[in-house]
file data_36.cif (mmCIF, C-alpha atoms)
data_query
#
loop_
_atom_site.label_atom_id
_atom_site.label_comp_id
_atom_site.auth_asym_id
_atom_site.auth_seq_id
_atom_site.Cartn_x
_atom_site.Cartn_y
_atom_site.Cartn_z
CA MET A 467 -6.96 58.30 85.84
CA SER A 468 -5.13 61.53 86.60
CA TYR A 469 -6.63 63.95 89.12
CA LYS A 470 -8.19 67.14 87.78
CA PRO A 471 -9.20 69.82 90.29
CA PRO A 472 -12.90 70.75 90.08
CA GLU A 473 -13.59 73.90 88.16
CA SER A 474 -16.80 74.88 89.88
CA GLU A 475 -17.69 75.57 93.49
CA GLU A 476 -20.24 72.77 93.37
CA GLY A 477 -17.56 70.39 92.16
CA TRP A 478 -15.40 71.29 95.15
CA ASP A 479 -18.33 70.79 97.52
CA GLU A 480 -18.95 67.35 96.10
CA MET A 481 -15.29 66.56 96.65
CA LEU A 482 -15.57 67.79 100.22
CA SER A 483 -18.61 65.59 100.83
CA ALA A 484 -16.68 62.57 99.59
CA TYR A 485 -13.60 63.67 101.56
CA LEU A 486 -15.71 63.64 104.70
CA ASP A 487 -16.66 60.03 104.00
CA ASP A 488 -13.09 59.05 103.18
CA ALA A 489 -14.18 58.07 99.70
CA LEU A 490 -11.50 59.83 97.65
CA SER A 491 -8.48 58.39 95.91
CA GLY A 492 -5.04 59.32 97.22
CA GLU A 493 -4.49 61.95 94.56
CA GLU A 494 -7.92 63.50 95.07
CA ARG A 495 -7.41 63.53 98.81
CA ARG A 496 -4.10 65.37 98.50
CA GLY A 497 -5.69 67.85 96.10
CA VAL A 498 -8.53 68.56 98.52
CA GLU A 499 -6.18 68.89 101.47
CA ASN A 500 -4.04 71.39 99.53
CA ALA A 501 -7.14 73.36 98.59
CA LEU A 502 -8.40 73.35 102.19
CA GLU A 503 -5.15 74.93 103.38
CA ASN A 504 -5.54 77.82 100.96
CA ASP A 505 -9.32 78.33 100.81
CA ASP A 506 -11.29 79.36 103.90
CA ARG A 507 -14.62 78.88 102.14
CA LEU A 508 -13.84 75.23 101.54
CA SER A 509 -12.79 74.77 105.16
CA ALA A 510 -16.03 76.36 106.33
CA ARG A 511 -18.07 74.18 103.98
CA LEU A 512 -16.31 71.04 105.21
CA GLU A 513 -17.06 72.06 108.75
CA THR A 514 -20.71 72.56 107.83
CA TYR A 515 -20.87 69.05 106.37
CA ARG A 516 -19.26 67.66 109.51
CA ARG A 517 -21.85 69.36 111.69
CA LEU A 518 -24.64 68.20 109.43
CA SER A 519 -23.44 64.61 109.66
CA TRP A 520 -23.23 64.90 113.44
CA LEU A 521 -26.69 66.46 113.57
CA LEU A 522 -28.17 63.65 111.51
CA ARG A 523 -26.58 60.91 113.56
CA GLU A 524 -27.26 62.58 116.89
CA ASN A 525 -30.83 63.61 116.39
CA HIS A 526 -32.26 60.94 114.24
CA VAL A 527 -31.85 58.14 116.68
CA GLU A 528 -35.16 56.56 117.48
CA ASP A 529 -35.94 53.53 119.53
CA PHE A 530 -36.68 51.15 116.73
CA GLU A 531 -36.52 47.94 118.68
CA PRO A 532 -38.69 45.44 116.83
CA ASP A 533 -41.64 43.74 118.42
CA MET A 534 -39.99 40.63 119.81
CA ALA A 535 -43.28 38.80 120.14
CA PHE A 536 -43.71 39.26 116.45
CA VAL A 537 -40.15 38.12 115.84
CA ARG A 538 -40.61 34.95 117.91
CA GLU A 539 -43.88 34.21 116.21
CA TRP A 540 -42.35 34.71 112.82
CA LYS A 541 -39.34 32.57 113.65
CA SER A 542 -41.46 29.68 114.88
CA ALA A 543 -43.68 29.96 111.81
CA TYR A 544 -40.62 29.81 109.61
CA GLU A 545 -39.20 26.81 111.43
CA GLU A 546 -42.58 25.11 111.32
CA SER A 547 -42.79 25.72 107.60
CA ARG A 548 -39.33 24.18 107.18
CA ARG A 549 -40.38 21.14 109.20
CA THR A 550 -43.58 20.61 107.28
CA VAL A 551 -42.01 20.79 103.86
CA PRO A 552 -42.17 16.98 103.32
CA SER A 553 -45.94 17.02 103.92
CA ARG A 554 -46.40 19.42 101.02
CA ARG A 555 -46.32 16.53 98.59
CA SER A 556 -48.68 15.96 95.77
CA PRO A 557 -52.00 14.48 96.91
CA ALA A 558 -51.43 11.69 94.39
CA LEU A 559 -48.53 10.48 96.51
CA ALA A 560 -50.93 9.81 99.40
CA ILE A 561 -52.43 6.88 97.43
CA PRO A 562 -50.83 3.54 98.38
CA VAL A 563 -48.17 2.25 96.02
CA TRP A 564 -50.02 -1.01 95.31
CA PHE A 565 -53.14 0.96 94.41
CA ARG A 566 -51.22 3.25 92.08
CA ALA A 567 -49.73 0.15 90.39
CA LEU A 568 -53.15 -1.34 89.65
CA PRO A 569 -53.77 0.42 86.31
CA TYR A 570 -50.35 -0.65 85.07
CA ALA A 571 -50.99 -4.23 86.15
CA ALA A 572 -54.36 -4.19 84.39
CA ILE A 573 -52.79 -2.89 81.19
CA LEU A 574 -50.12 -5.59 81.42
CA CYS A 575 -52.76 -8.32 81.89
CA VAL A 576 -54.77 -7.11 78.90
CA GLY A 577 -51.58 -7.10 76.83
CA ILE A 578 -50.73 -10.66 77.84
CA PHE A 579 -54.31 -11.77 77.10
CA ILE A 580 -54.27 -10.19 73.64
CA GLY A 581 -50.84 -11.68 72.93
CA ALA A 582 -51.96 -15.17 73.93
CA PHE A 583 -55.11 -14.83 71.86
CA ALA A 584 -53.08 -13.79 68.81
CA VAL A 585 -50.70 -16.74 69.22
CA ASN A 586 -53.62 -19.19 69.50
CA LEU A 587 -55.26 -17.66 66.44
CA ALA A 588 -52.07 -18.08 64.43
CA LYS A 589 -51.81 -21.73 65.48
CA ASP A 590 -55.43 -22.38 64.52
CA ARG A 591 -54.78 -20.86 61.10
CA GLN A 592 -51.79 -23.13 60.58
CA ILE A 593 -53.88 -26.21 61.48
CA ALA A 594 -56.76 -25.15 59.24
CA HIS A 595 -54.38 -24.82 56.23
CA PRO A 596 -51.79 -27.54 56.69
CA GLU A 597 -50.84 -27.60 53.01
CA GLU A 598 -49.35 -24.13 53.41
CA THR A 599 -46.75 -25.38 55.76
CA THR A 600 -46.57 -29.16 55.45
CA ASP A 601 -46.08 -29.52 51.70
CA SER A 602 -42.35 -29.59 51.97
CA LEU A 603 -42.32 -31.87 54.99
CA PRO A 604 -42.18 -35.65 54.85
CA PRO A 605 -45.39 -37.53 55.78
CA THR A 606 -43.90 -38.68 59.05
CA THR A 607 -43.99 -35.10 60.20
CA ILE A 608 -47.75 -35.21 60.10
CA GLU A 609 -47.80 -38.43 62.06
CA VAL A 610 -45.60 -36.90 64.64
CA ALA A 611 -47.84 -33.87 64.70
CA ALA A 612 -50.80 -36.12 65.37
CA ASN A 613 -49.19 -37.31 68.58
CA THR A 614 -48.54 -33.89 69.86
CA PRO A 615 -51.10 -32.30 72.15
CA ALA A 616 -51.03 -29.09 70.09
CA ILE A 617 -53.94 -30.28 67.91
CA SER A 618 -57.03 -32.27 68.73
CA PRO A 619 -57.37 -35.98 67.81
CA ARG A 620 -60.07 -35.09 65.31
CA GLN A 621 -57.78 -32.61 63.55
CA ALA A 622 -54.99 -35.20 63.57
CA ALA A 623 -57.28 -37.82 62.00
CA GLU A 624 -58.28 -35.38 59.29
CA LEU A 625 -54.69 -34.61 58.53
CA ILE A 626 -53.81 -38.29 58.29
CA ARG A 627 -56.78 -39.00 56.06
CA GLU A 628 -55.93 -36.12 53.76
CA ASN A 629 -52.35 -37.28 53.63
CA GLU A 630 -53.38 -40.84 52.86
CA ALA A 631 -55.78 -39.64 50.18
CA GLU A 632 -53.00 -37.58 48.67
CA ASN A 633 -50.67 -40.57 48.69
CA LEU A 634 -53.35 -42.77 47.14
CA LYS A 635 -54.00 -40.20 44.47
CA SER A 636 -50.31 -39.98 43.66
CA GLU A 637 -50.00 -43.74 43.55
CA ILE A 638 -53.02 -44.17 41.22
CA LEU A 639 -51.88 -41.40 38.92
CA ARG A 640 -48.42 -42.87 38.85
CA ASN A 641 -49.54 -46.44 38.13
CA ILE A 642 -52.61 -46.12 35.99
CA ARG A 643 -52.22 -45.57 32.31
CA PRO A 644 -54.60 -43.34 30.37
CA SER A 645 -55.96 -46.33 28.51
CA GLU A 646 -56.88 -47.93 31.78
CA TRP A 647 -58.65 -44.91 33.15
CA LYS A 648 -61.83 -45.78 31.39
CA GLY A 649 -61.84 -49.27 32.91
CA ALA A 650 -60.99 -47.86 36.28
CA TRP A 651 -63.72 -45.34 36.03
CA THR A 652 -66.24 -48.01 34.95
CA ALA A 653 -65.12 -50.21 37.79
CA ALA A 654 -65.44 -47.39 40.24
CA TRP A 655 -68.80 -46.48 38.87
CA LYS A 656 -69.99 -50.00 39.07
CA ILE A 657 -68.69 -50.40 42.53
CA GLY A 658 -70.34 -47.17 43.47
CA LYS A 659 -73.63 -48.10 41.89
CA GLU A 660 -73.72 -51.60 43.21
CA SER A 661 -72.78 -50.52 46.66
CA SER A 662 -74.52 -47.20 46.74
CA ASP A 663 -76.45 -48.18 49.76
CA THR A 664 -73.30 -48.65 51.77
CA LEU A 665 -71.63 -45.85 53.56
CA ASP A 666 -68.17 -46.85 52.45
CA MET A 667 -69.04 -46.74 48.79
CA ASN A 668 -70.68 -43.41 49.16
CA ASP A 669 -67.51 -42.21 50.77
CA LEU A 670 -65.54 -43.66 47.90
CA ASP A 671 -67.83 -42.01 45.42
CA ARG A 672 -67.26 -38.69 47.05
CA ASN A 673 -63.58 -39.26 47.26
CA GLU A 674 -61.65 -36.49 45.55
CA VAL A 675 -59.27 -38.96 43.86
CA VAL A 676 -62.07 -41.00 42.37
CA ARG A 677 -63.71 -37.83 41.15
CA HIS A 678 -60.46 -36.76 39.58
CA ILE A 679 -60.13 -40.11 37.81
CA ARG A 680 -63.66 -39.83 36.58
CA ARG A 681 -62.94 -36.39 35.21
CA GLN A 682 -59.79 -37.63 33.51
CA VAL A 683 -61.30 -40.70 31.86
CA PRO A 684 -63.43 -38.97 29.24
CA LYS A 685 -60.48 -36.79 28.26
CA SER A 686 -58.22 -39.75 27.84
CA GLY A 687 -60.99 -41.54 26.02
CA ARG A 688 -61.16 -38.67 23.51
CA ARG A 689 -57.45 -38.85 22.90
CA MET B 1467 -17.00 7.26 107.94
CA ARG B 1468 -19.23 8.53 105.20
CA GLU B 1469 -22.10 10.73 106.16
CA THR B 1470 -25.55 9.44 105.34
CA VAL B 1471 -27.78 11.46 103.07
CA GLU B 1472 -30.29 12.04 105.86
CA ARG B 1473 -27.59 13.27 108.17
CA ARG B 1474 -26.25 15.65 105.51
CA LEU B 1475 -29.72 16.97 104.81
CA PHE B 1476 -30.32 17.43 108.50
CA ARG B 1477 -27.03 19.26 108.86
CA TYR B 1478 -27.84 21.41 105.83
CA GLU B 1479 -31.27 22.29 107.18
CA GLY B 1480 -29.76 22.93 110.58
CA ASN B 1481 -27.19 25.28 109.09
CA ARG B 1482 -29.83 27.06 107.12
CA ILE B 1483 -31.98 27.67 110.16
CA LEU B 1484 -28.95 28.69 112.16
CA ASN B 1485 -27.80 31.11 109.48
CA PHE B 1486 -31.27 32.47 109.12
CA ARG B 1487 -31.60 32.98 112.86
CA GLN B 1488 -28.28 34.77 112.94
CA CYS B 1489 -29.25 36.98 110.03
CA PHE B 1490 -32.56 37.68 111.63
CA SER B 1491 -31.17 38.71 114.98
CA GLN B 1492 -28.28 40.65 113.45
CA HIS B 1493 -30.03 42.59 110.75
CA TYR B 1494 -33.65 42.89 111.74
CA SER B 1495 -33.23 46.16 113.63
CA ASP B 1496 -31.07 47.78 110.94
CA LEU B 1497 -33.47 46.76 108.23
CA PHE B 1498 -36.48 47.91 110.21
CA ARG B 1499 -34.90 51.30 110.94
CA PHE B 1500 -33.98 51.79 107.31
CA ALA B 1501 -37.50 50.89 106.16
CA PHE B 1502 -39.04 53.09 108.80
CA ARG B 1503 -36.94 56.07 107.78
CA MET B 1504 -37.72 55.48 104.15
CA LEU B 1505 -41.45 55.03 104.60
CA GLY B 1506 -42.22 56.90 107.80
CA SER B 1507 -44.62 54.25 109.03
CA ARG B 1508 -44.00 51.54 111.58
CA GLU B 1509 -46.59 49.27 110.03
CA SER B 1510 -45.19 49.61 106.52
CA ALA B 1511 -41.66 49.15 107.82
CA GLU B 1512 -42.69 45.94 109.56
CA ASP B 1513 -44.28 44.68 106.36
CA VAL B 1514 -41.17 45.47 104.34
CA THR B 1515 -38.84 43.88 106.89
CA GLN B 1516 -40.98 40.79 107.17
CA GLU B 1517 -41.17 40.46 103.40
CA ALA B 1518 -37.41 40.83 103.05
CA PHE B 1519 -36.76 38.02 105.54
CA LEU B 1520 -39.50 35.94 103.99
CA ARG B 1521 -37.81 36.24 100.63
CA MET B 1522 -34.51 35.36 102.19
CA ALA B 1523 -36.02 32.20 103.66
CA ARG B 1524 -37.81 31.35 100.45
CA ASP B 1525 -34.97 32.06 98.05
CA GLY B 1526 -32.44 30.24 100.16
CA THR B 1527 -30.09 33.15 100.51
CA SER B 1528 -29.84 32.61 104.24
CA SER B 1529 -26.68 30.66 103.48
CA LEU B 1530 -25.03 33.99 102.71
CA GLU B 1531 -22.92 35.10 105.55
CA GLY B 1532 -22.00 38.44 107.03
CA ASP B 1533 -22.09 41.47 104.76
CA GLY B 1534 -23.38 39.47 101.81
CA ALA B 1535 -26.63 38.68 103.60
CA ARG B 1536 -26.85 42.21 104.97
CA ARG B 1537 -26.44 43.79 101.55
CA TRP B 1538 -28.90 41.32 100.05
CA LEU B 1539 -31.48 42.21 102.68
CA PHE B 1540 -30.96 45.91 102.14
CA VAL B 1541 -31.33 45.54 98.39
CA VAL B 1542 -34.65 43.75 98.87
CA ALA B 1543 -35.85 46.16 101.53
CA ARG B 1544 -34.84 49.18 99.46
CA ASN B 1545 -36.70 47.88 96.41
CA LEU B 1546 -39.76 47.11 98.49
CA CYS B 1547 -39.66 50.60 100.01
CA LEU B 1548 -39.41 52.24 96.59
CA SER B 1549 -42.31 50.11 95.37
CA GLN B 1550 -44.41 51.24 98.30
CA LEU B 1551 -43.48 54.87 97.73
CA ARG B 1552 -44.35 54.57 94.06
CA ARG B 1553 -47.72 53.13 94.98
CA GLY B 1554 -48.31 56.25 97.03
CA GLY B 1555 -48.03 54.55 100.37
CA ARG B 1556 -45.71 57.14 101.76
CA GLU B 1557 -46.70 58.39 105.15
CA THR B 1558 -45.31 61.19 107.20
CA ALA B 1559 -42.54 60.01 109.41
CA LEU B 1560 -43.72 62.34 112.12
CA GLU B 1561 -47.01 60.53 112.59
CA ASN B 1562 -45.73 57.27 113.94
CA SER B 1563 -42.20 58.06 114.82
CA PRO B 1564 -41.25 57.20 118.39
CA GLU B 1565 -39.72 59.82 120.54
CA PRO B 1566 -35.96 60.15 120.30
CA VAL B 1567 -33.80 58.79 123.05
CA SER B 1568 -32.26 61.66 124.90
CA THR B 1569 -29.46 61.47 127.40
CA ARG B 1570 -29.75 65.08 128.41
CA PRO B 1571 -31.38 65.81 131.71
CA GLY B 1572 -33.93 68.52 132.33
CA PRO B 1573 -37.28 69.21 130.72
CA ARG B 1574 -36.06 72.23 128.70
CA GLU B 1575 -33.14 70.36 127.20
CA THR B 1576 -35.34 67.38 126.46
CA ALA B 1577 -37.89 69.56 124.73
CA LEU B 1578 -35.18 71.22 122.64
CA ALA B 1579 -33.70 67.87 121.69
CA GLN B 1580 -37.10 66.60 120.68
CA GLU B 1581 -37.73 69.69 118.61
CA ARG B 1582 -34.37 69.33 116.90
CA ALA B 1583 -34.92 65.65 116.20
CA HIS B 1584 -38.32 66.45 114.79
CA LEU B 1585 -36.83 69.01 112.38
CA VAL B 1586 -34.09 66.64 111.29
CA ARG B 1587 -36.53 63.80 110.65
CA GLU B 1588 -38.79 66.10 108.74
CA ALA B 1589 -35.91 67.37 106.60
CA VAL B 1590 -34.79 63.83 105.81
CA SER B 1591 -38.30 62.63 105.07
CA GLN B 1592 -38.78 65.47 102.61
CA LEU B 1593 -35.82 64.41 100.49
CA PRO B 1594 -36.62 62.57 97.26
CA PRO B 1595 -36.33 58.78 97.74
CA SER B 1596 -33.21 58.56 95.55
CA LEU B 1597 -31.40 61.06 97.81
CA ARG B 1598 -32.99 59.86 101.04
CA GLU B 1599 -31.77 56.31 100.60
CA VAL B 1600 -28.13 57.26 100.12
CA VAL B 1601 -28.18 59.52 103.20
CA LEU B 1602 -29.80 56.81 105.32
CA LEU B 1603 -27.40 54.13 104.14
CA ARG B 1604 -24.36 56.36 104.66
CA GLU B 1605 -25.22 58.18 107.87
CA TYR B 1606 -27.18 55.51 109.73
CA GLU B 1607 -26.02 52.21 108.31
CA ASP B 1608 -22.44 53.40 107.89
CA MET B 1609 -22.09 51.82 104.46
CA SER B 1610 -19.22 52.68 102.15
CA TYR B 1611 -19.87 54.22 98.75
CA GLY B 1612 -19.22 50.84 97.13
CA GLU B 1613 -21.78 49.12 99.37
CA ILE B 1614 -24.35 51.83 98.75
CA ALA B 1615 -23.73 51.46 95.02
CA GLU B 1616 -24.40 47.73 95.32
CA VAL B 1617 -27.59 48.22 97.30
CA THR B 1618 -29.00 50.93 95.08
CA GLY B 1619 -27.73 49.49 91.84
CA ASN B 1620 -25.91 52.67 90.87
CA SER B 1621 -22.29 53.54 90.19
CA VAL B 1622 -20.02 54.89 92.90
CA GLY B 1623 -19.89 58.21 91.05
CA THR B 1624 -23.68 58.48 91.14
CA VAL B 1625 -23.71 57.65 94.83
CA ARG B 1626 -21.10 60.36 95.49
CA ASN B 1627 -23.09 62.92 93.56
CA ARG B 1628 -26.41 62.01 95.15
CA LEU B 1629 -24.92 62.10 98.60
CA PHE B 1630 -23.55 65.55 97.94
CA ARG B 1631 -26.92 66.75 96.63
CA ALA B 1632 -28.70 65.28 99.64
CA ARG B 1633 -26.30 67.01 101.99
CA GLU B 1634 -26.71 70.30 100.20
CA SER B 1635 -30.48 69.97 100.45
CA LEU B 1636 -30.31 69.14 104.14
CA ARG B 1637 -27.82 71.94 104.77
CA LYS B 1638 -30.28 74.43 103.33
CA ARG B 1639 -33.24 73.02 105.24
CA LEU B 1640 -31.37 72.81 108.55
CA GLU B 1641 -29.39 76.02 108.26
CA SER B 1642 -30.72 77.46 111.49
CA LEU B 1643 -29.99 74.31 113.43
CA LEU B 1644 -26.48 74.08 112.04
CA GLU B 1645 -25.70 77.56 113.26
CA GLU B 1646 -26.74 76.56 116.77
CA VAL B 1647 -24.64 73.40 116.83
#
call {"tool": "encode", "arguments": {"input": "data_36.cif", "output": "structure tokens"}}
result
Amino acid sequence: MSYKPPESEEGWDEMLSAYLDDALSGEERRGVENALENDDRLSARLETYRRLSWLLRENHVEDFEPDMAFVREWKSAYEESRRTVPSRRSPALAIPVWFRALPYAAILCVGIFIGAFAVNLAKDRQIAHPEETTDSLPPTTIEVAANTPAISPRQAAELIRENEAENLKSEILRNIRPSEWKGAWTAAWKIGKESSDTLDMNDLDRNEVVRHIRRQVPKSGRR
Amino acid sequence: MRETVERRLFRYEGNRILNFRQCFSQHYSDLFRFAFRMLGSRESAEDVTQEAFLRMARDGTSSLEGDGARRWLFVVARNLCLSQLRRGGRETALENSPEPVSTRPGPRETALAQERAHLVREAVSQLPPSLREVVLLREYEDMSYGEIAEVTGNSVGTVRNRLFRARESLRKRLESLLEEV
């Protein structure tokens, strides 16, 4: 930026104030120095500013030494505060780690318990409805299952009996002809009647296969 | 050998305290004087100075070295002073001001020096804060225009103009004294 001499007296005084503080650019400084050589008023004003600066610096000097006791106290307080920073932790951190882990452990245990319960429930459901899963399996699978400790002996016996009953039913249905059903039914009825006092016959009478045959006989008889 | 984390932290803390101590011992007096001249009260000046160093410790700026820390402290102190003045906490500098240090012998000369110092302090304290701060920073803290601009948050041109206006005001108030000098 090119130097432009001030147009007003106030502008020159401001330049002089800055000149006194050595705060002018080279061009401004040369302009002021040229003006000072030719203008007595400016020289007098510069001298006034110089005296004012001297007066301020000379007569405004107070003994402002700080209270050193206060300074020492403040310093030690600061250093103490720096040292005690680690103790400003959250109160929660004062609780032992093992104690803080207890809720998590409890939640984990409950989760495991619920999981185990659900698995057992699913197994029980499979045992209670074996036809849902064992239809496609060979009979030996059931025998093998009976030897496994996953089900009780009573459940195994039931499975075997059901399987045997199913096999018997298939065999009878495969071998008996419709014309023979009537005879078979009569025979079964007779057997049942004659041996109704025996437990075995009662069992036979209640047998699902025998019941099925009995239901089939009248139909075949009508044919 | 690699430095352990603890050792680095310790060194960092050590440096911080060391820097802070250095800042404290180097700048406390300057800051206190500036605050005292701005506010005219020893108690208020102590509060401002303490608060400035407290902020330095809290904000972690004690790692600044040399003029950076000094300017930072002056910025904080200046803002605190202006806040106090705005709240109406300004007190007359003459009330609590200590007596000036005089090297001149003789009771008459001492009395004259005291009278002159009193007039000068009064003239400075009567300046508006915006003019007073630039005079104090220039005449007593010997800051350049650029440094004053940084502390006050103004441009160098504004600083130059305010300094001129402050000098003009003081020249008029201290006309009689200037003729004697």
call {"tool": "atom_distance", "arguments": {"input": "data_36.cif", "atom1": "atom CA of B:Arg1631", "atom2": "atom CA of B:Pro1595"}}
result
12.4 Å
call {"tool": "atom_distance", "arguments": {"input": "data_36.cif", "atom1": "atom CA of A:Ile580", "atom2": "atom CA of A:Val563"}}
result
26.3 Å
call {"tool": "residues_around", "arguments": {"input": "data_36.cif", "residues": "B:Val1622", "least_positions_apart": "4", "cutoff": "7 Å", "atoms": "only C-alpha atoms", "output": "ChimeraX atom specification"}}
result
/B:1611-1612,1615,1626
call {"tool": "residues_around", "arguments": {"input": "data_36.cif", "residues": "stretch 1604-1606 of chain B", "least_positions_apart": "6", "cutoff": "9 Å", "atoms": "only C-alpha atoms", "output": "CSV table (one decimal) with C-alpha atoms, keeping the file's coordinate frame"}}
result
chain,number,residue,atom,x,y,z
A,487,ASP,CA,-16.7,60.0,104.0
A,519,SER,CA,-23.4,64.6,109.7
A,520,TRP,CA,-23.2,64.9,113.4
A,522,LEU,CA,-28.2,63.6,111.5
A,523,ARG,CA,-26.6,60.9,113.6
A,526,HIS,CA,-32.3,60.9,114.2
A,527,VAL,CA,-31.8,58.1,116.7
B,1496,ASP,CA,-31.1,47.8,110.9
B,1499,ARG,CA,-34.9,51.3,110.9
B,1500,PHE,CA,-34.0,51.8,107.3
B,1614,ILE,CA,-24.4,51.8,98.8
B,1629,LEU,CA,-24.9,62.1,98.6
call {"tool": "residues_near_point", "arguments": {"input": "data_36.cif", "point": "(-33.1, 43.6, 103.6)", "cutoff": "9 Å", "atoms": "only C-alpha atoms", "output": "PDB file with C-alpha atoms, keeping the file's coordinate frame"}}
result
ATOM      1  CA  HIS B1493     -30.030  42.590 110.750  1.00  0.00           C
ATOM      2  CA  TYR B1494     -33.650  42.890 111.740  1.00  0.00           C
ATOM      3  CA  ASP B1496     -31.070  47.780 110.940  1.00  0.00           C
ATOM      4  CA  LEU B1497     -33.470  46.760 108.230  1.00  0.00           C
ATOM      5  CA  PHE B1498     -36.480  47.910 110.210  1.00  0.00           C
ATOM      6  CA  ALA B1501     -37.500  50.890 106.160  1.00  0.00           C
ATOM      7  CA  VAL B1514     -41.170  45.470 104.340  1.00  0.00           C
ATOM      8  CA  THR B1515     -38.840  43.880 106.890  1.00  0.00           C
ATOM      9  CA  GLU B1517     -41.170  40.460 103.400  1.00  0.00           C
ATOM     10  CA  ALA B1518     -37.410  40.830 103.050  1.00  0.00           C
ATOM     11  CA  PHE B1519     -36.760  38.020 105.540  1.00  0.00           C
ATOM     12  CA  MET B1522     -34.510  35.360 102.190  1.00  0.00           C
ATOM     13  CA  ALA B1535     -26.630  38.680 103.600  1.00  0.00           C
ATOM     14  CA  ARG B1536     -26.850  42.210 104.970  1.00  0.00           C
ATOM     15  CA  ARG B1537     -26.440  43.790 101.550  1.00  0.00           C
ATOM     16  CA  TRP B1538     -28.900  41.320 100.050  1.00  0.00           C
ATOM     17  CA  LEU B1539     -31.480  42.210 102.680  1.00  0.00           C
ATOM     18  CA  PHE B1540     -30.960  45.910 102.140  1.00  0.00           C
ATOM     19  CA  VAL B1541     -31.330  45.540  98.390  1.00  0.00           C
ATOM     20  CA  VAL B1542     -34.650  43.750  98.870  1.00  0.00           C
ATOM     21  CA  ALA B1543     -35.850  46.160 101.530  1.00  0.00           C
ATOM     22  CA  ARG B1544     -34.840  49.180  99.460  1.00  0.00           C
TER      23      ARG B1544
END
call {"tool": "atom_distance", "arguments": {"input": "data_36.cif", "atom1": "atom CA of B:Ser1591", "atom2": "atom CA of B:Thr1618"}}
result
18.0 Å
call {"tool": "closest_residue", "arguments": {"input": "data_36.cif", "among": "B:Val1617, B:Leu1520, B:Val1647, B:Ala1579", "to": "B:Gly1534", "atoms": "all atoms listed in the file"}}
result
B:Val1617
call {"tool": "closest_residue", "arguments": {"input": "data_36.cif", "among": "B:Phe1630, B:Gly1619, B:Leu1643, B:Ser1596", "to": "B:Glu1581", "atoms": "only C-alpha atoms"}}
result
B:Leu1643
call {"tool": "axis_aligned_box", "arguments": {"input": "data_36.cif", "around": "stretch 511-514 of chain A", "padding_each_side": "4 Å", "output": "JSON"}}
result
{"center_x": -18.5, "center_y": 72.6, "center_z": 106.4, "size_x": 12.4, "size_y": 11.1, "size_z": 12.8}
call {"tool": "residues_around", "arguments": {"input": "data_36.cif", "residues": "A:Leu512", "least_positions_apart": "5", "cutoff": "9 Å", "atoms": "all atoms listed in the file", "output": "short mmCIF file (atom, residue, chain, number, x, y, z; two decimals) with C-alpha atoms, keeping the file's coordinate frame"}}
result
data_model
loop_
_atom_site.label_atom_id
_atom_site.label_comp_id
_atom_site.auth_asym_id
_atom_site.auth_seq_id
_atom_site.Cartn_x
_atom_site.Cartn_y
_atom_site.Cartn_z
CA ASP A 479 -18.33 70.79 97.52
CA LEU A 482 -15.57 67.79 100.22
CA SER A 483 -18.61 65.59 100.83
CA TYR A 485 -13.60 63.67 101.56
CA LEU A 486 -15.71 63.64 104.70
CA LEU A 502 -8.40 73.35 102.19
CA ARG A 507 -14.62 78.88 102.14
CA ARG A 517 -21.85 69.36 111.69
#
call {"tool": "closest_residue", "arguments": {"input": "data_36.cif", "among": "B:Gln1592, B:Ser1510, B:Ser1610, B:Ser1549", "to": "chain A", "atoms": "only C-alpha atoms"}}
result
B:Ser1610
call {"tool": "closest_residue", "arguments": {"input": "data_36.cif", "among": "A:Ala510, A:Asp505, A:Val498, A:Ile573", "to": "chain B", "atoms": "all atoms listed in the file"}}
result
A:Ala510
call {"tool": "closest_residue", "arguments": {"input": "data_36.cif", "among": "A:Glu473, A:Glu503, A:Asp590, A:Leu521", "to": "B:Glu1645", "atoms": "only C-alpha atoms"}}
result
A:Leu521
